[in-house]
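Enquirer: Below is the file input20.cif, with mmCIF, C-alpha atoms.
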```cif
data_structure
#
loop_
_atom_site.label_atom_id
_atom_site.label_comp_id
_atom_site.auth_asym_id
_atom_site.auth_seq_id
_atom_site.Cartn_x
_atom_site.Cartn_y
_atom_site.Cartn_z
CA MET A 1 -59.28 -42.82 -140.21
CA GLN A 2 -59.89 -45.25 -137.37
CA ARG A 3 -61.01 -42.38 -135.13
CA LEU A 4 -63.37 -41.05 -137.82
CA ILE A 5 -64.92 -44.50 -138.21
CA THR A 6 -65.56 -44.81 -134.48
CA GLN A 7 -67.52 -41.54 -134.67
CA LEU A 8 -70.04 -42.99 -137.19
CA PRO A 9 -73.48 -44.05 -135.91
CA GLY A 10 -73.46 -47.74 -134.88
CA ALA A 11 -75.47 -49.24 -137.76
CA PHE A 12 -73.43 -47.38 -140.40
CA ARG A 13 -70.12 -48.19 -138.69
CA GLU A 14 -71.10 -51.86 -138.52
CA ALA A 15 -71.90 -52.07 -142.27
CA LEU A 16 -68.70 -50.19 -143.20
CA VAL A 17 -66.40 -52.29 -141.02
CA LEU A 18 -67.94 -55.57 -142.19
CA ARG A 19 -67.42 -54.48 -145.80
CA GLU A 20 -64.05 -52.70 -145.70
CA VAL A 21 -62.26 -54.49 -142.89
CA ASN A 22 -63.83 -57.95 -142.88
CA ASP A 23 -64.40 -57.96 -146.64
CA LEU A 24 -67.91 -59.45 -146.46
CA SER A 25 -70.30 -59.34 -149.44
CA TYR A 26 -73.62 -57.43 -149.17
CA ARG A 27 -75.43 -60.73 -148.77
CA GLU A 28 -73.12 -61.81 -145.95
CA ILE A 29 -73.50 -58.44 -144.20
CA ALA A 30 -77.29 -58.78 -144.52
CA ASP A 31 -77.13 -62.24 -142.93
CA VAL A 32 -74.83 -61.12 -140.10
CA THR A 33 -76.81 -58.00 -139.25
CA GLY A 34 -80.28 -59.43 -139.95
CA VAL A 35 -81.39 -56.68 -142.35
CA PRO A 36 -82.34 -56.83 -146.08
CA VAL A 37 -79.63 -56.32 -148.73
CA GLY A 38 -81.26 -53.01 -149.72
CA THR A 39 -80.71 -51.71 -146.19
CA VAL A 40 -77.06 -52.80 -146.34
CA MET A 41 -76.69 -50.81 -149.58
CA SER A 42 -78.21 -47.67 -148.12
CA ARG A 43 -76.27 -47.96 -144.84
CA LEU A 44 -72.99 -48.29 -146.72
CA ALA A 45 -73.85 -45.29 -148.87
CA ARG A 46 -74.66 -43.21 -145.78
CA ALA A 47 -71.59 -44.47 -143.89
CA ARG A 48 -69.24 -43.59 -146.75
CA GLY A 49 -70.95 -40.24 -147.28
CA LEU A 50 -70.51 -39.29 -143.61
CA LEU A 51 -66.95 -40.61 -143.50
CA ARG A 52 -65.98 -38.75 -146.65
CA THR A 53 -67.37 -35.48 -145.27
CA ALA A 54 -65.49 -35.96 -141.99
CA TRP A 55 -62.32 -36.95 -143.85
CA LEU A 56 -62.42 -33.90 -146.14
CA ALA A 57 -63.06 -31.61 -143.15
CA GLU A 58 -60.09 -33.18 -141.36
CA GLU A 59 -57.81 -32.69 -144.37
CA LYS A 60 -58.88 -29.08 -144.72
CA GLY A 61 -57.94 -28.51 -141.09
CA PRO A 62 -59.57 -26.27 -138.45
CA MET B 1 -81.00 -43.18 -164.06
CA THR B 2 -81.20 -40.18 -161.76
CA CYS B 3 -78.36 -38.85 -159.57
CA ASP B 4 -80.21 -39.98 -156.43
CA GLU B 5 -80.36 -43.55 -157.71
CA ALA B 6 -76.77 -43.44 -158.92
CA GLU B 7 -75.62 -42.22 -155.51
CA VAL B 8 -76.62 -45.52 -153.89
CA MET B 9 -75.74 -47.70 -156.86
CA LEU B 10 -72.22 -46.39 -157.28
CA HIS B 11 -71.30 -47.92 -153.92
CA ALA B 12 -72.52 -51.27 -155.20
CA LEU B 13 -70.41 -50.63 -158.31
CA ILE B 14 -67.16 -50.05 -156.42
CA ASP B 15 -67.97 -53.04 -154.20
CA ASP B 16 -68.37 -55.18 -157.32
CA GLU B 17 -71.92 -56.12 -156.33
CA LEU B 18 -73.67 -55.10 -159.56
CA ASP B 19 -74.22 -57.32 -162.56
CA ALA B 20 -72.73 -56.22 -165.87
CA VAL B 21 -75.90 -54.53 -167.14
CA HIS B 22 -76.47 -52.38 -164.05
CA GLY B 23 -72.74 -51.71 -163.68
CA ARG B 24 -72.72 -50.30 -167.20
CA GLU B 25 -75.80 -48.19 -166.44
CA VAL B 26 -74.10 -46.55 -163.46
CA GLU B 27 -70.85 -46.02 -165.38
CA THR B 28 -72.74 -44.53 -168.33
CA HIS B 29 -74.57 -42.18 -165.98
CA ALA B 30 -71.30 -41.14 -164.27
CA ALA B 31 -69.65 -40.58 -167.66
CA GLY B 32 -72.27 -37.95 -168.47
CA CYS B 33 -72.65 -36.42 -165.01
CA ALA B 34 -69.74 -34.45 -163.52
CA ARG B 35 -71.20 -34.55 -160.00
CA CYS B 36 -71.62 -38.35 -159.91
CA ALA B 37 -68.23 -38.87 -161.64
CA ALA B 38 -66.59 -36.74 -158.92
CA GLN B 39 -68.40 -38.74 -156.22
CA LEU B 40 -67.34 -42.02 -157.76
CA ALA B 41 -63.69 -40.90 -157.89
CA SER B 42 -63.88 -39.57 -154.36
CA TYR B 43 -65.39 -42.80 -152.96
CA ARG B 44 -62.73 -44.82 -154.78
CA ASP B 45 -60.06 -42.64 -153.11
CA LEU B 46 -61.73 -43.11 -149.75
CA ARG B 47 -61.81 -46.84 -150.27
CA GLN B 48 -58.14 -46.88 -151.21
CA THR B 49 -57.33 -45.01 -148.02
CA LEU B 50 -59.47 -47.37 -145.94
CA ARG B 51 -57.84 -50.42 -147.48
CA GLY B 52 -54.36 -49.04 -146.83
CA GLY B 53 -55.21 -47.85 -143.35
CA ASN B 54 -54.28 -51.01 -141.48
CA LEU B 55 -57.70 -51.05 -139.80
CA ARG B 56 -57.78 -54.74 -139.04
CA HIS B 57 -57.07 -55.28 -135.37
CA THR B 58 -55.29 -58.47 -134.37
CA ALA B 59 -56.19 -59.72 -130.93
CA PRO B 60 -53.17 -60.16 -128.64
CA ALA B 61 -51.75 -63.66 -128.06
CA SER B 62 -52.61 -63.32 -124.38
CA LEU B 63 -56.32 -63.26 -125.31
CA ARG B 64 -55.95 -66.56 -127.24
CA ARG B 65 -54.19 -68.12 -124.24
CA SER B 66 -56.87 -67.04 -121.80
CA ILE B 67 -59.63 -68.36 -124.13
CA ASP B 68 -57.74 -71.67 -124.48
CA ARG B 69 -57.53 -71.91 -120.70
CA ALA B 70 -61.22 -71.09 -120.24
CA VAL B 71 -62.47 -73.66 -122.80
CA PRO B 72 -62.10 -77.30 -121.69
CA SER B 73 -59.93 -79.33 -124.11
CA PRO B 74 -61.75 -82.15 -125.95
CA ALA B 75 -61.30 -85.68 -124.56
CA ALA B 76 -58.34 -87.47 -126.17
CA THR B 77 -59.52 -90.04 -128.74
CA ASP B 78 -58.02 -93.52 -128.82
CA ARG B 79 -55.87 -93.78 -131.99
CA ARG B 80 -57.11 -97.27 -132.93
CA THR B 81 -60.78 -96.27 -132.65
CA LEU B 82 -60.03 -93.25 -134.75
CA LEU B 83 -58.41 -95.35 -137.53
CA LYS B 84 -61.30 -97.85 -137.49
CA GLY B 85 -63.69 -94.95 -137.81
CA PHE B 86 -61.78 -93.62 -140.82
CA ALA B 87 -61.81 -97.05 -142.54
CA LEU B 88 -65.57 -97.43 -142.16
CA GLY B 89 -66.15 -93.82 -143.04
CA SER B 90 -64.13 -94.04 -146.23
CA LEU B 91 -66.21 -97.02 -147.48
CA LEU B 92 -69.45 -95.18 -146.82
CA SER B 93 -68.23 -91.87 -148.14
CA ALA B 94 -66.81 -93.45 -151.32
CA ALA B 95 -70.25 -94.87 -152.08
CA ALA B 96 -72.07 -91.65 -151.29
CA ALA B 97 -69.62 -89.01 -152.41
CA ALA B 98 -70.92 -88.41 -155.90
CA SER B 99 -74.57 -88.10 -154.94
CA VAL B 100 -73.79 -85.97 -151.90
CA THR B 101 -71.69 -83.65 -154.03
CA LEU B 102 -74.49 -83.35 -156.57
CA VAL B 103 -77.06 -82.58 -153.89
CA VAL B 104 -74.81 -80.03 -152.20
CA LEU B 105 -73.96 -78.35 -155.49
CA ARG B 106 -77.61 -78.17 -156.48
CA GLU B 107 -78.61 -76.75 -153.10
CA ASP B 108 -75.84 -74.17 -153.36
CA ARG B 109 -77.04 -73.29 -156.84
CA ASP B 110 -80.67 -73.03 -155.71
CA GLU B 111 -79.54 -70.79 -152.87
CA ARG B 112 -77.58 -68.61 -155.26
CA ILE B 113 -80.46 -68.39 -157.72
CA LEU B 114 -82.86 -67.39 -154.93
CA SER B 115 -80.39 -64.80 -153.70
CA GLU B 116 -79.91 -63.42 -157.22
CA ALA B 117 -83.70 -63.27 -157.76
CA ILE B 118 -84.03 -61.20 -154.57
CA SER B 119 -81.17 -58.91 -155.59
CA ALA B 120 -82.79 -58.46 -159.00
CA HIS B 121 -86.12 -57.70 -157.28
CA LEU B 122 -84.40 -55.07 -155.10
CA ARG B 123 -82.61 -53.51 -158.04
CA SER B 124 -85.86 -53.32 -159.97
CA LEU B 125 -87.38 -51.27 -157.14
CA GLN B 126 -84.36 -49.02 -156.56
CA ALA B 127 -82.90 -48.45 -159.97
CA ASP B 128 -85.96 -47.22 -161.86
CA HIS B 129 -85.77 -50.33 -163.97
CA LEU B 130 -88.98 -52.10 -163.12
CA THR B 131 -90.20 -52.55 -166.68
CA ASP B 132 -88.72 -52.48 -170.17
CA VAL B 133 -92.21 -52.77 -171.64
CA LEU B 134 -94.91 -50.92 -169.74
CA SER B 135 -98.37 -52.27 -170.50
CA THR B 136 -101.33 -53.86 -168.79
CA ASP B 137 -102.15 -55.72 -172.00
CA GLN B 138 -100.83 -59.29 -172.08
CA HIS B 139 -100.98 -59.18 -175.90
CA THR B 140 -98.42 -56.35 -175.82
CA VAL B 141 -96.18 -57.74 -173.10
CA LYS B 142 -95.92 -61.33 -174.39
CA PRO B 143 -94.76 -60.52 -177.93
CA TRP B 144 -92.24 -58.01 -176.55
CA PHE B 145 -90.17 -60.96 -175.31
CA ASN B 146 -89.98 -62.44 -178.84
CA GLY B 147 -86.38 -62.37 -180.01
CA ARG B 148 -85.17 -60.92 -176.72
CA THR B 149 -85.04 -64.17 -174.80
CA ASP B 150 -84.89 -67.82 -175.85
CA LEU B 151 -88.09 -68.74 -174.01
CA ALA B 152 -91.74 -67.81 -174.38
CA PRO B 153 -92.93 -66.77 -170.92
CA PRO B 154 -96.62 -67.15 -170.16
CA VAL B 155 -98.01 -63.63 -169.71
CA ILE B 156 -101.42 -63.69 -168.07
CA ASP B 157 -103.87 -60.93 -167.25
CA LEU B 158 -104.85 -61.38 -163.60
CA ALA B 159 -106.51 -57.97 -163.10
CA ALA B 160 -109.87 -59.60 -162.36
CA GLN B 161 -108.21 -61.63 -159.60
CA GLY B 162 -106.66 -58.54 -158.00
CA PHE B 163 -103.16 -58.72 -159.49
CA THR B 164 -102.55 -56.05 -162.13
CA LEU B 165 -100.13 -56.78 -164.95
CA ILE B 166 -97.91 -53.71 -165.39
CA GLY B 167 -95.29 -54.93 -167.85
CA GLY B 168 -92.18 -56.99 -168.39
CA ARG B 169 -88.41 -56.69 -168.54
CA LEU B 170 -85.25 -58.68 -169.08
CA ASP B 171 -83.01 -59.42 -166.11
CA PHE B 172 -80.07 -61.67 -165.29
CA ILE B 173 -80.15 -64.70 -163.02
CA ASP B 174 -77.36 -67.25 -162.77
CA GLY B 175 -75.53 -65.54 -165.61
CA LYS B 176 -78.48 -65.97 -167.99
CA SER B 177 -80.92 -63.52 -169.46
CA VAL B 178 -84.37 -64.21 -167.99
CA ALA B 179 -87.87 -62.90 -168.61
CA VAL B 180 -89.57 -61.03 -165.76
CA ILE B 181 -93.30 -60.37 -165.75
CA VAL B 182 -94.25 -57.57 -163.37
CA TYR B 183 -97.51 -57.34 -161.44
CA ARG B 184 -98.85 -55.05 -158.79
CA ARG B 185 -100.96 -55.92 -155.76
CA ARG B 186 -102.15 -52.57 -154.37
CA VAL B 187 -98.81 -50.66 -153.99
CA ASN B 188 -96.64 -53.79 -153.85
CA VAL B 189 -94.70 -55.17 -156.78
CA ILE B 190 -94.54 -58.85 -157.68
CA ASN B 191 -91.64 -59.78 -159.94
CA LEU B 192 -92.28 -63.13 -161.64
CA PHE B 193 -88.94 -64.47 -162.93
CA VAL B 194 -89.27 -67.07 -165.68
CA THR B 195 -86.18 -69.15 -166.40
CA GLN B 196 -85.40 -72.21 -168.44
CA GLY B 197 -83.07 -75.04 -167.53
CA VAL B 198 -82.33 -73.64 -164.10
CA GLY B 199 -83.17 -75.74 -161.06
CA SER B 200 -85.11 -78.18 -163.18
CA SER B 201 -85.63 -80.42 -160.14
CA LEU B 202 -88.34 -78.06 -158.86
CA GLN B 203 -91.86 -79.36 -159.30
CA ALA B 204 -94.56 -78.56 -156.74
CA PRO B 205 -94.99 -74.99 -155.48
CA ARG B 206 -92.73 -74.02 -152.60
CA MET B 207 -93.05 -70.97 -150.40
CA GLU B 208 -89.99 -69.49 -148.76
CA THR B 209 -89.03 -66.32 -146.95
CA VAL B 210 -85.54 -65.02 -147.61
CA GLN B 211 -84.18 -61.69 -146.32
CA GLY B 212 -87.71 -60.62 -145.48
CA PHE B 213 -89.07 -61.25 -148.99
CA ASN B 214 -91.54 -63.98 -149.81
CA ILE B 215 -90.83 -66.27 -152.73
CA ARG B 216 -93.13 -68.76 -154.37
CA ARG B 217 -91.45 -71.03 -156.87
CA TRP B 218 -92.89 -73.69 -159.09
CA THR B 219 -92.31 -75.42 -162.41
CA ASP B 220 -94.71 -75.32 -165.32
CA GLN B 221 -94.21 -76.68 -168.82
CA GLY B 222 -90.44 -76.88 -168.33
CA LEU B 223 -90.22 -73.30 -167.14
CA ASN B 224 -89.11 -72.40 -163.64
CA MET B 225 -91.09 -69.60 -162.06
CA PHE B 226 -89.95 -67.50 -159.11
CA ALA B 227 -92.48 -64.97 -157.81
CA VAL B 228 -90.72 -62.51 -155.47
CA SER B 229 -92.54 -59.85 -153.46
CA ASP B 230 -92.95 -58.28 -150.07
CA ILE B 231 -96.69 -59.00 -149.99
CA ASN B 232 -97.60 -61.59 -147.36
CA ARG B 233 -97.18 -65.32 -147.95
CA GLU B 234 -100.91 -66.01 -148.26
CA GLU B 235 -101.40 -63.39 -150.96
CA LEU B 236 -98.29 -64.47 -152.86
CA ASP B 237 -99.46 -68.08 -152.71
CA GLU B 238 -102.86 -66.92 -153.97
CA PHE B 239 -101.09 -65.12 -156.82
CA GLY B 240 -99.23 -68.31 -157.76
CA ASN B 241 -102.39 -70.41 -157.61
CA LYS B 242 -104.34 -67.95 -159.76
CA PHE B 243 -101.48 -67.75 -162.24
CA GLU B 244 -101.22 -71.55 -162.51
CA GLN B 245 -105.00 -71.93 -162.92
CA ALA B 246 -105.12 -69.24 -165.62
CA ALA B 247 -102.10 -70.77 -167.42
CA ARG B 248 -103.82 -74.17 -167.47
CA ALA B 249 -107.07 -72.61 -168.70
CA ALA B 250 -105.21 -70.71 -171.44
CA ARG B 251 -103.57 -73.94 -172.63
CA ALA B 252 -106.93 -75.75 -172.69
CA THR B 253 -108.51 -73.21 -175.03
#
```
Go ahead and express the file in the form of structure tokens.
Expert:
Amino acid sequence: MQRLITQLPGAFREALVLREVNDLSYREIADVTGVPVGTVMSRLARARGLLRTAWLAEEKGP
Amino acid sequence: MTCDEAEVMLHALIDDELDAVHGREVETHAAGCARCAAQLASYRDLRQTLRGGNLRHTAPASLRRSIDRAVPSPAATDRRTLLKGFALGSLLSAAAAASVTLVVLREDRDERILSEAISAHLRSLQADHLTDVLSTDQHTVKPWFNGRTDLAPPVIDLAAQGFTLIGGRLDFIDGKSVAVIVYRRRVNVINLFVTQGVGSSLQAPRMETVQGFNIRRWTDQGLNMFAVSDINREELDEFGNKFEQAARAARAT
């Protein structure tokens, strides 16, 4: 999972790590990254979408 | 709610960032939509895996030691001076504690209310829930609030001044149901939140910019008004001024 996260684009990885690892709220992530809360929401959605796709592909195997 | 909207909102749902009303909306949508229900379950699984994945990295003790060595240690403080300082400090703080606490609490509350108003503004734009009553007629919008909220918000037609009334809705701020009057300036939305008994210390208009949104707040007739928009400060201030003038004129007639 760690490897899959490192493969995410920077902005998405940042939002995901701040939420899932550092347990910050959307508001706190917005403050830390200097973007509006709406952008945090969409970045998290994209990050999880990409991660889920990569995770499912990994589980299915080559 | 459409699937596209639910797709973003369901992340806010699993992160516990939605209020009860919007949380229910997403859950209701997912209950009737197999695709979104599957996504919700899948993202919950993913989250479970992430949480159990031991992703938090602890820096090695050697890093702490090298940082400690690199940062100069603070000068040792004489113990007697320190105690004297505490004695004086306790006298002052005992006298001031209550008022300081009140001020801090109120500021925290104001901050939270502002933050909630911005979140509500964002949700209104993203979740297809801008208006519960869609009308440019103030005589339709104003009575719609009757019986739905315990205050009578001033609903004013400002079309002639360049701000088009498009409707109203109920929202939640600080755990209370509040009235929201919705205007448009060109393509931009202005959400005017009207609350009662919240932040009653507010008097004169104040302009602020939070998270890139402009907010003008003021108090009128015991009602607290928060206008939130992404139009520029000057235009939002103009909106507030026009609204206040029209409200005064309406009361005088």
Enquirer: Residues of chain B were defined as contacting chain A if any atom lay at most 12 Å from it, counting all atoms listed in the file; please report them as a CSV table (one decimal) with C-alpha atoms, keeping the file's coordinate frame.
Expert:
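And here is the file that came out, part.csv:
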```
chain,number,residue,atom,x,y,z
B,4,ASP,CA,-80.2,-40.0,-156.4
B,5,GLU,CA,-80.4,-43.6,-157.7
B,6,ALA,CA,-76.8,-43.4,-158.9
B,7,GLU,CA,-75.6,-42.2,-155.5
B,8,VAL,CA,-76.6,-45.5,-153.9
B,9,MET,CA,-75.7,-47.7,-156.9
B,10,LEU,CA,-72.2,-46.4,-157.3
B,11,HIS,CA,-71.3,-47.9,-153.9
B,12,ALA,CA,-72.5,-51.3,-155.2
B,13,LEU,CA,-70.4,-50.6,-158.3
B,14,ILE,CA,-67.2,-50.0,-156.4
B,15,ASP,CA,-68.0,-53.0,-154.2
B,16,ASP,CA,-68.4,-55.2,-157.3
B,17,GLU,CA,-71.9,-56.1,-156.3
B,18,LEU,CA,-73.7,-55.1,-159.6
B,39,GLN,CA,-68.4,-38.7,-156.2
B,40,LEU,CA,-67.3,-42.0,-157.8
B,41,ALA,CA,-63.7,-40.9,-157.9
B,42,SER,CA,-63.9,-39.6,-154.4
B,43,TYR,CA,-65.4,-42.8,-153.0
B,44,ARG,CA,-62.7,-44.8,-154.8
B,45,ASP,CA,-60.1,-42.6,-153.1
B,46,LEU,CA,-61.7,-43.1,-149.8
B,47,ARG,CA,-61.8,-46.8,-150.3
B,48,GLN,CA,-58.1,-46.9,-151.2
B,49,THR,CA,-57.3,-45.0,-148.0
B,50,LEU,CA,-59.5,-47.4,-145.9
B,51,ARG,CA,-57.8,-50.4,-147.5
B,52,GLY,CA,-54.4,-49.0,-146.8
B,53,GLY,CA,-55.2,-47.8,-143.4
B,54,ASN,CA,-54.3,-51.0,-141.5
B,55,LEU,CA,-57.7,-51.0,-139.8
B,56,ARG,CA,-57.8,-54.7,-139.0
B,57,HIS,CA,-57.1,-55.3,-135.4
B,58,THR,CA,-55.3,-58.5,-134.4
B,111,GLU,CA,-79.5,-70.8,-152.9
B,112,ARG,CA,-77.6,-68.6,-155.3
B,114,LEU,CA,-82.9,-67.4,-154.9
B,115,SER,CA,-80.4,-64.8,-153.7
B,116,GLU,CA,-79.9,-63.4,-157.2
B,118,ILE,CA,-84.0,-61.2,-154.6
B,119,SER,CA,-81.2,-58.9,-155.6
B,120,ALA,CA,-82.8,-58.5,-159.0
B,121,HIS,CA,-86.1,-57.7,-157.3
B,122,LEU,CA,-84.4,-55.1,-155.1
B,123,ARG,CA,-82.6,-53.5,-158.0
B,124,SER,CA,-85.9,-53.3,-160.0
B,125,LEU,CA,-87.4,-51.3,-157.1
B,126,GLN,CA,-84.4,-49.0,-156.6
B,127,ALA,CA,-82.9,-48.4,-160.0
B,209,THR,CA,-89.0,-66.3,-147.0
B,210,VAL,CA,-85.5,-65.0,-147.6
B,211,GLN,CA,-84.2,-61.7,-146.3
B,212,GLY,CA,-87.7,-60.6,-145.5
B,213,PHE,CA,-89.1,-61.2,-149.0
B,230,ASP,CA,-93.0,-58.3,-150.1
```
Enquirer: Can you work out the spacing between CA of Arg216 (chain B) and CA of Lys242 (chain B) in Å, to one decimal?
Expert: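 Interatomic distance here is 12.5 Å.
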Enquirer: Starting from the shown file, work through the PyMOL selection byres ((chain B and resi 177-190) around 8) and note down what comes out as a PyMOL selection string.
Expert: chain B and resi 130-131+145+149+151+153+155+162-173+175-176+191-195+227-231
Enquirer: Apply the PyMOL selection byres ((chain B and resi 244) around 12) to the file shown and report the selected residues as a PyMOL selection string.
Expert: chain B and resi 154-158+204-205+216-221+225+227+237-243+245-251
Enquirer: Any chance you could work out the axis-aligned box around region 28-41 of chain A, listed atoms only, 8 Å on each side, giving centre and edge lengths in Å to one decimal, as JSON?
Expert:
```
{"center_x": -77.7, "center_y": -56.5, "center_z": -144.5, "size_x": 25.2, "size_y": 27.4, "size_z": 26.5}
```
Enquirer: Selected by the PyMOL selection byres ((chain A and resi 12) around 7) in the shown coordinates: which residues, as a ChimeraX atom specification?
Expert: /A:8-11,13-16,43-44,46-47
Enquirer: In Å, with one decimal, what is the gap from CA of Glu234 (chain B) to CA of His139 (chain B)?
Expert: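 So the answer is 28.5 Å.
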Enquirer: Measure the distance from CA of Phe226 (chain B) to CA of Met207 (chain B) in Å and round it to one decimal.
Expert: 9.9 Å
Enquirer: Give the answer as one residue: which of B:Arg148, B:Val71, B:Asn214, B:Asn224 has the shortest atom-to-atom distance to Leu236 (chain B), using only C-alpha atoms?
Expert: B:Asn214
